[in-house]
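Colleague: Next up is a structure, given as structure tokens.
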Amino acid sequence: MEPLHRRWRAAAAGAAALALVICQLSACALTANAPSAPSLVVPLAVTPATTAMLAAIAGQERSLRSMQSGAIMQYRAADGRHFSTHEEIALARPASMRVEAVAPFGATMVLTADDAGHLMIFDSSKNVLMTGGANAATLERYVSIPLAPAAAVDLLMGLAPDPAELATPPDSLGDTDGMTVALWRLGDGGTREMGFVAGRLAMVIERDRAGAQRYEVRYSEWREVGGMNFPHKVEADFPSSRITLRYQAPVLNPTLAPALFVLTPAPGTKRISIDAGAGAAPGTAG
């Protein structure tokens, strides 16, 4: 099994996956963003209060199983191109996700992935359904970014990338701009920083061994939903794009049928396999 920190790094861009599907099919071009400069960190000592805070956040990780919500997604490429769209999002851990969005020209795009590792992308403007394995290779090939669905689901739910990490003392602890920032060193020589405000996860930044930023995600607008605190705003910065999601009336831990994460093509829908060496075939109703 791929290590969790690699799954998270590959899927930290998962919040941008549908936007990149839309953008790629609409012929958008992306350029690289400059990495953000690190803030000054005042060193702190790891205390029992810090350990208790990390344990509480790990507890929320275990209790949150699914989420369903409407959302407003704003997408901006590094070259300034941008758009905003309404999305309907359904997530079920460990790796099921369904995102429906309206593309810039009005066509509906639907992306699903299920726990069995199946990926489906439907483009209503072309009546085309693309299917294949939900893995980093297929998503890198077709949306120009690797994606591990299980980690993408956690990212969209505002959960820490590696719950086991929260059970280990950080390699360093500091304060920056009123945020407690814990840093862990990763096995590949990189680092992961998690920032906490009032006992809530507010930021995740991962850097490579040279210090270059791989991604940054920030969570805010925390409100109580079903007895749990949940972030209603997610901002994700990647090397070539920035995504902002604002959830509208999220429902936590709903019962979501597995069929929700599988698309059934109508008669006449063109089906294209995105696995290597596969061809296209007419769709049939199932």
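Chain labels follow the order of the structure tokens: the first chain is A, the next B, and so on; residue numbering restarts at 1 in every chain, and ligands are counted from 1 in their shown order.
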Taking the DSSP assignment computed from this structure's backbone, write out as a PyMOL selection string all residues of stretch 25-250 of chain A that belong to alpha helix (DSSP H).

Modeller: chain A and resi 25+48-63+136-143+149-156+163-166

Colleague: Using DSSP on the backbone coordinates, identify the residues of stretch 113-249 of chain A assigned to strand (DSSP E); present them as a PyMOL selection string.

Modeller: chain A and resi 113+118-123+128-133+172-176+179-185+191-197+200-207+213-225+228-238+241-249

Colleague: If you measure from atom CA of A:Tyr75 to atom CA of A:Pro239, what distance in Å do you get, rounded to one decimal?

Modeller: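 Calculated distance between atom CA of A:Tyr75 and atom CA of A:Pro239 is 13.3 Å.
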
Colleague: Considering only C-alpha atoms, tabulate each residue of stretch 170-274 of chain A that lies at most 9 Å from stretch 46-52 of chain A along with its nearest interatomic pair and the corresponding distance in Å to one decimal; arrange the rows by chain and ascending residue number and present them as CSV.

Modeller:
residue,atom,partner,partner_atom,distance
A:Pro170,CA,A:Val46,CA,8.0
A:Ser172,CA,A:Val46,CA,8.1
A:Leu173,CA,A:Val46,CA,6.6
A:Gly199,CA,A:Thr50,CA,9.0

Colleague: Would you mind exporting the chosen residues as a PDB file, in the first residue's frame, restricted to C-alpha atoms?

Modeller:
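Listing of again-v7.pdb after writing:
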ATOM      1  CA  PRO A 170       5.883  16.784  16.145  1.00  0.00           C
ATOM      2  CA  SER A 172       9.030  21.060  16.107  1.00  0.00           C
ATOM      3  CA  LEU A 173       6.281  23.296  17.428  1.00  0.00           C
ATOM      4  CA  GLY A 199      -8.044  23.463  18.715  1.00  0.00           C
TER       5      GLY A 199
END

Colleague: Find the residue from A:Ala152, A:Ala78, A:Ala167, A:Met179 that sits nearest to A:Ala113; use only C-alpha atoms when measuring.

Modeller: A:Ala152

Colleague: Tell me, as a short mmCIF file (atom, residue, chain, number, x, y, z; two decimals) with C-alpha atoms, in the first residue's frame, which residues lie within 9 Å of A:Leu159, counting only C-alpha atoms; anything in the same chain fewer than 2 positions away does not count.

Modeller:
data_model
loop_
_atom_site.label_atom_id
_atom_site.label_comp_id
_atom_site.auth_asym_id
_atom_site.auth_seq_id
_atom_site.Cartn_x
_atom_site.Cartn_y
_atom_site.Cartn_z
CA ILE A 57 -8.46 16.21 16.22
CA ALA A 58 -7.62 12.55 15.62
CA GLN A 60 -12.85 13.78 14.83
CA GLU A 61 -10.98 11.96 12.08
CA LEU A 64 -16.50 11.68 10.45
CA VAL A 153 -11.94 12.70 0.41
CA ASP A 154 -10.17 13.49 3.68
CA LEU A 155 -8.88 16.80 2.33
CA LEU A 156 -12.38 17.92 1.30
CA MET A 157 -13.70 16.96 4.75
CA PRO A 161 -3.73 13.97 6.06
CA ASP A 162 -2.31 11.25 8.33
CA PRO A 163 -4.22 10.48 11.56
CA LEU A 201 -7.09 22.28 12.00
#

Colleague: Between A:Ala210, A:Leu166, A:Val181, A:Val110, which is the closest to A:Phe196 once you count only C-alpha atoms?

Modeller: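 Among the listed residues, the smallest separation from A:Phe196 belongs to A:Val181.
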
Colleague: Taking only residues of stretch 188-281 of chain A that have an atom at most 12 Å from an atom of stretch 83-89 of chain A, what is each one's shortest atom pair and its distance in Å to one decimal, using only C-alpha atoms, in chain and number order, as CSV?

Modeller:
residue,atom,partner,partner_atom,distance
A:Ser241,CA,A:Phe83,CA,11.8
A:Arg242,CA,A:Phe83,CA,11.1
A:Ile243,CA,A:Ser84,CA,9.8
A:Thr244,CA,A:Ser84,CA,9.3
A:Leu245,CA,A:Glu87,CA,9.2
A:Arg246,CA,A:His86,CA,9.7
A:Tyr247,CA,A:Ile89,CA,9.1
A:Gln248,CA,A:Glu88,CA,9.6
A:Ala249,CA,A:Glu88,CA,11.3
A:Pro250,CA,A:Ile89,CA,9.4
A:Val251,CA,A:Ile89,CA,10.6
A:Leu252,CA,A:Ile89,CA,12.0
A:Leu256,CA,A:Ile89,CA,11.7
A:Leu260,CA,A:Ile89,CA,11.0
A:Phe261,CA,A:Ile89,CA,10.8

Colleague: Distance table requested - stretch 210-270 of chain A against stretch 120-123 of chain A, cut-off 10 Å, only C-alpha atoms: one row per qualifying residue with the closest atom pair and its distance in Å to one decimal, ordered by chain and rising residue number, as a Markdown table.

Modeller:
| residue | atom | partner | partner_atom | distance |
| --- | --- | --- | --- | --- |
| A:Phe261 | CA | A:Met120 | CA | 8.8 |
| A:Val262 | CA | A:Met120 | CA | 7.4 |
| A:Leu263 | CA | A:Met120 | CA | 6.8 |
| A:Thr264 | CA | A:Met120 | CA | 9.6 |
| A:Pro265 | CA | A:Phe122 | CA | 8.7 |
| A:Thr269 | CA | A:Phe122 | CA | 9.5 |
| A:Lys270 | CA | A:Phe122 | CA | 9.8 |

Colleague: Emit the selected residues as a PDB file, in the first residue's frame, including N, CA and C atoms.

Modeller:
ATOM      1  N   PHE A 261     -22.193   6.582  -6.294  1.00  0.00           N
ATOM      2  CA  PHE A 261     -20.843   6.814  -6.778  1.00  0.00           C
ATOM      3  C   PHE A 261     -20.539   6.026  -8.056  1.00  0.00           C
ATOM      4  N   VAL A 262     -21.593   5.593  -8.728  1.00  0.00           N
ATOM      5  CA  VAL A 262     -21.464   4.865 -10.004  1.00  0.00           C
ATOM      6  C   VAL A 262     -22.384   5.530 -11.016  1.00  0.00           C
ATOM      7  N   LEU A 263     -21.888   5.842 -12.186  1.00  0.00           N
ATOM      8  CA  LEU A 263     -22.681   6.463 -13.243  1.00  0.00           C
ATOM      9  C   LEU A 263     -23.143   5.407 -14.233  1.00  0.00           C
ATOM     10  N   THR A 264     -24.423   5.430 -14.585  1.00  0.00           N
ATOM     11  CA  THR A 264     -24.984   4.495 -15.560  1.00  0.00           C
ATOM     12  C   THR A 264     -25.301   5.245 -16.843  1.00  0.00           C
ATOM     13  N   PRO A 265     -24.642   4.929 -17.956  1.00  0.00           N
ATOM     14  CA  PRO A 265     -24.861   5.685 -19.189  1.00  0.00           C
ATOM     15  C   PRO A 265     -26.220   5.380 -19.820  1.00  0.00           C
ATOM     16  N   THR A 269     -24.941   6.982 -25.269  1.00  0.00           N
ATOM     17  CA  THR A 269     -23.781   7.630 -24.666  1.00  0.00           C
ATOM     18  C   THR A 269     -22.504   6.933 -25.126  1.00  0.00           C
ATOM     19  N   LYS A 270     -21.561   7.710 -25.567  1.00  0.00           N
ATOM     20  CA  LYS A 270     -20.278   7.146 -26.005  1.00  0.00           C
ATOM     21  C   LYS A 270     -19.428   6.854 -24.777  1.00  0.00           C
TER      22      LYS A 270
END

Colleague: Atom CA of A:Glu165 and atom CA of A:Ser63 are how many Å apart?

Modeller: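 We find that atom CA of A:Glu165 and atom CA of A:Ser63 lie 17.0 Å from each other.
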